[in-house]
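Below you'll find the structure, written out as structure tokens, and then a few comments.
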Amino acid sequence: MKAIVYTEYGPPEVLQLKEVAKPTPKEDEVLIKIYAASVNYGDIITRNFKNIPPSKFNMSMPFWFGARIYFGLTRPKINILGSEFAGEIEAVGKDVKLFRKGDQVFAYRGMRMGANAEYLCMPEDGVVALKPANMTCEEAATAPYGTLMALSLLRKVNIQSGQKVLINGASGGIGSAATQLAKSHFGAEVTGVCSTPRLELVKSLGADKVIDYTKEDFTQSGETYDLIFDILGKSSFSRCKSSLKQNGRYLLASFKMRQLFQMLWTKIIGSKKVICAMASDKAEDLIFIKKLIEAGKIKSVIDRCYPLEQTAEAHRYVENGLKKGHVVITVEHNKKI
């Protein structure tokens, strides 16, 4: 089968189209023919991990070190990227009960990666579910990562209907999902913060108000919020504290040691809390997300698609910060290298 393989860390050019062995499902696994996979933040970081120092990593030193060991110190241990995808089940192991041949599915691989290929095996109890009926494979391939992460994190702060929520970084994978979930599922009043080219994107996701951070500093507006969700830690608790209501929460998906100490300190002192949270991914959450999508509460916005053989170009486009929405790799079967 065809796959995009990399054997050394570096720029997009390290991604090469190669022929590799087609996997065979174990007794408890399904073999999935992949039709589409997304390119997200994790793919970009993992591809170039050797050149990402702790100071540039979006998490604290222990997480950086653990990830370097997992992915490989000098050369990548995992040679095929791609953490979320959609496709069709081609074969099932003899013990599989939840799926059958021909089912269209979408799934999240997390750090195991492997979706930039024609085929992939997953255990039936992995983070895989039937694809939403109202989405194409390209759209469904962009849904798992950001929505799973946003749902898990937002559940940790118990948002109530009518509360005011600000999403700092509302146009990215987690941010766009958080904007939609906070509005359509939790019933909050949502303000999204993003750059000028992405204002219309965030408006289309249902945000009640959108702030262009290149022109306005939300911490200076006088508005206060029940929750400020800072996706990539671009702001700080000290800057945001005056923008939080009494008992307000400052939620971080990415954090360093300083933010962890702030979380511990604010648990003891003051009514405004810092919450540093790790997201979890579960199959039941992906099934729940499927229902939200089919109810029209979550949508995917695709910027552009690239064929599998142009994966390096897709990485370059994402890395340059040009995307407005999701970037998708499409896989056409029956093509030779």
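In the structure tokens, the first chain shown is A, the next is B, and so on; residue numbers restart at 1 for each chain, and ligands run from 1 in the order shown.
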Exercise for the section: Using only C-alpha atoms, determine which residues lie at most 8 Å from Ile329 of chain A, disregarding the query and same-chain residues fewer than 6 positions distant; provide the list as JSON, numbers by chain. Expected result: {"A": [36, 37, 38, 39, 116, 305, 306, 307, 308, 311, 314]}
Could you take the residues named above and write them with all heavy atoms, as a compact mmCIF listing (two decimals), in the first residue's frame?
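The resulting file, selection_12.txt, is reproduced below:
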# COMPACT_ATOMS: atom_id res chain seq x y z
N ALA A 36 -9.68 9.84 3.88
CA ALA A 36 -9.27 11.22 4.18
C ALA A 36 -8.64 11.27 5.56
O ALA A 36 -9.05 10.54 6.47
CB ALA A 36 -10.46 12.16 4.11
N ALA A 37 -7.65 12.14 5.72
CA ALA A 37 -7.01 12.39 7.01
C ALA A 37 -6.68 13.87 7.09
O ALA A 37 -6.42 14.51 6.07
CB ALA A 37 -5.74 11.55 7.16
N SER A 38 -6.69 14.41 8.29
CA SER A 38 -6.41 15.84 8.41
C SER A 38 -4.94 16.08 8.75
O SER A 38 -4.23 15.18 9.19
CB SER A 38 -7.30 16.47 9.49
OG SER A 38 -6.79 16.18 10.77
N VAL A 39 -4.51 17.31 8.55
CA VAL A 39 -3.19 17.75 9.00
C VAL A 39 -3.42 18.72 10.14
O VAL A 39 -4.02 19.78 9.95
CB VAL A 39 -2.40 18.45 7.87
CG1 VAL A 39 -1.05 18.92 8.38
CG2 VAL A 39 -2.23 17.53 6.68
N ASN A 116 -1.69 8.67 7.55
CA ASN A 116 -1.29 9.15 6.22
C ASN A 116 -0.90 7.96 5.35
O ASN A 116 0.24 7.81 4.89
CB ASN A 116 -0.12 10.13 6.33
CG ASN A 116 -0.52 11.46 6.95
OD1 ASN A 116 0.35 12.27 7.27
ND2 ASN A 116 -1.80 11.71 7.16
N CYS A 305 -8.01 20.75 0.26
CA CYS A 305 -7.63 19.34 0.28
C CYS A 305 -6.41 19.13 -0.62
O CYS A 305 -6.27 19.79 -1.65
CB CYS A 305 -8.78 18.45 -0.21
SG CYS A 305 -10.26 18.50 0.82
N TYR A 306 -5.56 18.19 -0.21
CA TYR A 306 -4.40 17.79 -1.00
C TYR A 306 -4.43 16.28 -1.17
O TYR A 306 -4.78 15.56 -0.23
CB TYR A 306 -3.10 18.16 -0.27
CG TYR A 306 -2.80 19.63 -0.16
CD1 TYR A 306 -3.37 20.39 0.86
CD2 TYR A 306 -1.91 20.26 -1.03
CE1 TYR A 306 -3.07 21.74 1.00
CE2 TYR A 306 -1.61 21.61 -0.90
CZ TYR A 306 -2.20 22.35 0.11
OH TYR A 306 -1.90 23.69 0.25
N PRO A 307 -4.05 15.77 -2.34
CA PRO A 307 -3.92 14.31 -2.48
C PRO A 307 -2.77 13.80 -1.63
O PRO A 307 -1.86 14.55 -1.27
CB PRO A 307 -3.67 14.12 -3.97
CG PRO A 307 -3.06 15.41 -4.43
CD PRO A 307 -3.70 16.47 -3.59
N LEU A 308 -2.80 12.51 -1.32
CA LEU A 308 -1.79 11.91 -0.45
C LEU A 308 -0.37 12.23 -0.89
O LEU A 308 0.49 12.54 -0.06
CB LEU A 308 -1.99 10.38 -0.41
CG LEU A 308 -1.06 9.60 0.51
CD1 LEU A 308 -1.31 9.95 1.97
CD2 LEU A 308 -1.24 8.09 0.29
N THR A 311 1.30 15.51 0.43
CA THR A 311 1.25 15.74 1.88
C THR A 311 2.28 16.76 2.34
O THR A 311 2.02 17.58 3.22
CB THR A 311 1.43 14.42 2.63
OG1 THR A 311 0.37 13.52 2.28
CG2 THR A 311 1.42 14.63 4.14
N ALA A 314 0.90 20.10 1.83
CA ALA A 314 -0.13 20.38 2.83
C ALA A 314 0.51 20.82 4.14
O ALA A 314 0.07 21.78 4.78
CB ALA A 314 -0.99 19.15 3.04
Problem - Residue set, segment 17-191 of chain A restricted to helix (DSSP H, G or I), as an MDAnalysis selection string - result: chainID A and resid 41:47 49:51 61:71 110:112 137:140 144:155 173:185
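Minimum atom-to-atom distance to Lys234 of chain A, evaluated using only C-alpha atoms, belongs to A:Ala170 out of A:Ile159, A:Ala170, A:Ile287, A:Ile275.
Residues with any atom within 9 Å of Val20 of chain A, counting only C-alpha atoms and excluding same-chain neighbours fewer than 5 positions away, are Met1, Lys2, Ala3 and Val5 of chain A.
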Practice task
Find the residue from A:Ser243, A:Phe229, A:Lys164, A:Lys273 that sits nearest to Asp208 of chain A; use only C-alpha atoms when measuring.
Solution key: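 The closest residue to Asp208 of chain A is A:Lys164.
Remark: for Phe63 of chain A, the closest of the candidate residues A:Ala312, A:Glu19, A:Val328, A:Met278 is A:Met278 (distances computed over only C-alpha atoms).
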Exercise for the section: Using backbone DSSP assignments, extract all strand (DSSP E) residues from segment 97-312 of chain A; output them as a PyMOL selection string. Expected result: chain A and resi 104-108+119-123+128-130+164-168+189-194+209-212+225-230+244-252+273-276+302-307
Given the selection you just returned, output its residues as a file containing N, CA and C atoms, formatted as a compact mmCIF listing (two decimals), in the first residue's frame.
# COMPACT_ATOMS: atom_id res chain seq x y z
N GLN A 104 -18.80 2.80 7.27
CA GLN A 104 -17.99 4.00 7.15
C GLN A 104 -17.76 4.56 8.56
N VAL A 105 -16.52 4.88 8.87
CA VAL A 105 -16.15 5.26 10.23
C VAL A 105 -15.26 6.50 10.23
N PHE A 106 -15.15 7.14 11.39
CA PHE A 106 -14.13 8.16 11.62
C PHE A 106 -13.46 7.83 12.94
N ALA A 107 -12.21 8.27 13.10
CA ALA A 107 -11.43 7.78 14.24
C ALA A 107 -10.31 8.74 14.61
N TYR A 108 -9.80 8.53 15.83
CA TYR A 108 -8.69 9.32 16.35
C TYR A 108 -7.61 8.37 16.84
N TYR A 119 -4.23 2.29 4.25
CA TYR A 119 -4.93 1.39 5.18
C TYR A 119 -4.35 1.53 6.58
N LEU A 120 -5.18 1.15 7.56
CA LEU A 120 -4.77 1.22 8.95
C LEU A 120 -5.62 0.25 9.76
N CYS A 121 -5.00 -0.42 10.72
CA CYS A 121 -5.75 -1.30 11.63
C CYS A 121 -5.97 -0.59 12.96
N MET A 122 -7.16 -0.80 13.53
CA MET A 122 -7.46 -0.27 14.85
C MET A 122 -8.23 -1.31 15.65
N PRO A 123 -8.01 -1.37 16.97
CA PRO A 123 -8.83 -2.25 17.80
C PRO A 123 -10.27 -1.76 17.81
N VAL A 128 -12.92 4.97 17.74
CA VAL A 128 -13.46 4.84 16.39
C VAL A 128 -14.97 4.68 16.49
N ALA A 129 -15.69 5.31 15.57
CA ALA A 129 -17.15 5.27 15.59
C ALA A 129 -17.67 5.38 14.17
N LEU A 130 -18.93 5.03 13.98
CA LEU A 130 -19.56 5.19 12.67
C LEU A 130 -19.53 6.67 12.28
N LYS A 164 -20.95 33.62 30.18
CA LYS A 164 -20.14 34.27 29.15
C LYS A 164 -18.79 33.56 29.07
N VAL A 165 -18.45 33.12 27.85
CA VAL A 165 -17.22 32.36 27.61
C VAL A 165 -16.41 33.05 26.53
N LEU A 166 -15.12 33.21 26.77
CA LEU A 166 -14.22 33.73 25.74
C LEU A 166 -13.26 32.62 25.33
N ILE A 167 -13.15 32.38 24.03
CA ILE A 167 -12.23 31.39 23.48
C ILE A 167 -11.08 32.13 22.82
N ASN A 168 -9.89 32.07 23.43
CA ASN A 168 -8.71 32.74 22.88
C ASN A 168 -7.97 31.75 21.99
N GLU A 189 -22.84 32.18 26.06
CA GLU A 189 -22.65 33.34 25.18
C GLU A 189 -21.16 33.40 24.87
N VAL A 190 -20.81 33.26 23.60
CA VAL A 190 -19.41 33.00 23.22
C VAL A 190 -18.79 34.18 22.49
N THR A 191 -17.60 34.55 22.95
CA THR A 191 -16.76 35.51 22.25
C THR A 191 -15.52 34.76 21.76
N GLY A 192 -15.23 34.86 20.47
CA GLY A 192 -14.06 34.22 19.89
C GLY A 192 -12.97 35.24 19.59
N VAL A 193 -11.73 34.88 19.87
CA VAL A 193 -10.58 35.75 19.58
C VAL A 193 -9.72 35.08 18.52
N CYS A 194 -9.41 35.82 17.45
CA CYS A 194 -8.61 35.27 16.36
C CYS A 194 -7.98 36.43 15.59
N LYS A 209 -19.78 37.08 19.37
CA LYS A 209 -18.91 38.23 19.13
C LYS A 209 -17.54 37.71 18.75
N VAL A 210 -16.85 38.41 17.86
CA VAL A 210 -15.50 38.02 17.45
C VAL A 210 -14.58 39.21 17.64
N ILE A 211 -13.43 38.98 18.27
CA ILE A 211 -12.44 40.02 18.50
C ILE A 211 -11.19 39.73 17.68
N ASP A 212 -10.74 40.71 16.94
CA ASP A 212 -9.50 40.62 16.17
C ASP A 212 -8.36 41.04 17.09
N TYR A 225 -15.87 37.75 31.99
CA TYR A 225 -16.34 36.44 31.52
C TYR A 225 -16.32 35.43 32.67
N ASP A 226 -17.22 34.46 32.56
CA ASP A 226 -17.23 33.35 33.52
C ASP A 226 -16.09 32.38 33.24
N LEU A 227 -15.72 32.28 31.97
CA LEU A 227 -14.64 31.39 31.57
C LEU A 227 -13.83 32.02 30.46
N ILE A 228 -12.52 32.01 30.60
CA ILE A 228 -11.60 32.33 29.50
C ILE A 228 -10.83 31.06 29.19
N PHE A 229 -11.02 30.54 28.01
CA PHE A 229 -10.36 29.31 27.57
C PHE A 229 -9.22 29.70 26.64
N ASP A 230 -8.00 29.59 27.12
CA ASP A 230 -6.81 30.00 26.38
C ASP A 230 -6.20 28.74 25.75
N LEU A 244 -12.00 38.33 34.31
CA LEU A 244 -12.79 37.23 34.86
C LEU A 244 -13.77 37.75 35.90
N LYS A 245 -14.98 37.19 35.88
CA LYS A 245 -15.94 37.50 36.92
C LYS A 245 -15.51 36.84 38.23
N GLN A 246 -16.15 37.23 39.32
CA GLN A 246 -15.92 36.53 40.58
C GLN A 246 -16.25 35.05 40.36
N ASN A 247 -15.40 34.17 40.87
CA ASN A 247 -15.52 32.72 40.65
C ASN A 247 -15.28 32.32 39.19
N GLY A 248 -14.68 33.23 38.41
CA GLY A 248 -14.36 32.92 37.03
C GLY A 248 -13.19 31.95 36.94
N ARG A 249 -13.08 31.30 35.78
CA ARG A 249 -12.02 30.30 35.59
C ARG A 249 -11.22 30.61 34.34
N TYR A 250 -9.92 30.43 34.47
CA TYR A 250 -8.99 30.61 33.35
C TYR A 250 -8.49 29.22 32.99
N LEU A 251 -8.97 28.68 31.88
CA LEU A 251 -8.71 27.29 31.48
C LEU A 251 -7.61 27.24 30.44
N LEU A 252 -6.62 26.39 30.69
CA LEU A 252 -5.48 26.25 29.79
C LEU A 252 -5.41 24.82 29.27
N LYS A 273 -9.97 31.12 39.49
CA LYS A 273 -9.15 29.91 39.46
C LYS A 273 -8.44 29.72 38.12
N VAL A 274 -7.21 29.23 38.20
CA VAL A 274 -6.48 28.75 37.02
C VAL A 274 -6.70 27.24 36.96
N ILE A 275 -7.08 26.74 35.80
CA ILE A 275 -7.29 25.30 35.62
C ILE A 275 -6.43 24.83 34.46
N CYS A 276 -5.44 24.01 34.75
CA CYS A 276 -4.60 23.38 33.74
C CYS A 276 -5.12 21.96 33.54
N ILE A 302 -13.63 23.26 5.88
CA ILE A 302 -12.40 22.83 5.20
C ILE A 302 -11.86 23.97 4.35
N ASP A 303 -10.59 24.26 4.55
CA ASP A 303 -9.91 25.27 3.75
C ASP A 303 -9.56 24.67 2.38
N ARG A 304 -8.78 23.60 2.39
CA ARG A 304 -8.41 22.96 1.13
C ARG A 304 -8.00 21.51 1.36
N CYS A 305 -8.01 20.75 0.26
CA CYS A 305 -7.63 19.34 0.28
C CYS A 305 -6.41 19.13 -0.62
N TYR A 306 -5.56 18.19 -0.21
CA TYR A 306 -4.40 17.79 -1.00
C TYR A 306 -4.43 16.28 -1.17
N PRO A 307 -4.05 15.77 -2.34
CA PRO A 307 -3.92 14.31 -2.48
C PRO A 307 -2.77 13.80 -1.63
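With distances restricted to only C-alpha atoms, A:Lys33 is the closest residue to His333 of chain A from A:Lys256, A:Arg109, A:Arg100, A:Lys33.
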Handout entry: Interatomic distance (Å, one decimal) between atom CA of Gln180 of chain A and atom CA of Val157 of chain A
Key =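 So the two atoms, atom CA of Gln180 of chain A and atom CA of Val157 of chain A, lie 16.1 Å apart.
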Exercise for the section: Rounded to one decimal place, report the atom CA of Ile80 of chain A-atom CA of Gly321 of chain A distance in Å. Expected result: 22.6 Å
Practice task
Find the residue from A:Ser195, A:Gly222, A:Leu181, A:Phe85 that sits nearest to Ala207 of chain A; use only C-alpha atoms when measuring.
Solution key: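 Answer, going by the shortest atom-to-atom distance: A:Leu181.
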Problem - Residue contacts of segment 49-59 of chain A (9 Å, only C-alpha atoms) excluding same-chain residues fewer than 4 positions away, as a PyMOL selection string - result: chain A and resi 8-10+44-45+63-65+67-68+71-76+232-233+253-257
Handout entry: atom CA of Lys97 of chain A to atom CA of Pro23 of chain A, distance in Å rounded to a single decimal
Key =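 Between atom CA of Lys97 of chain A and atom CA of Pro23 of chain A the gap works out to 19.9 Å.
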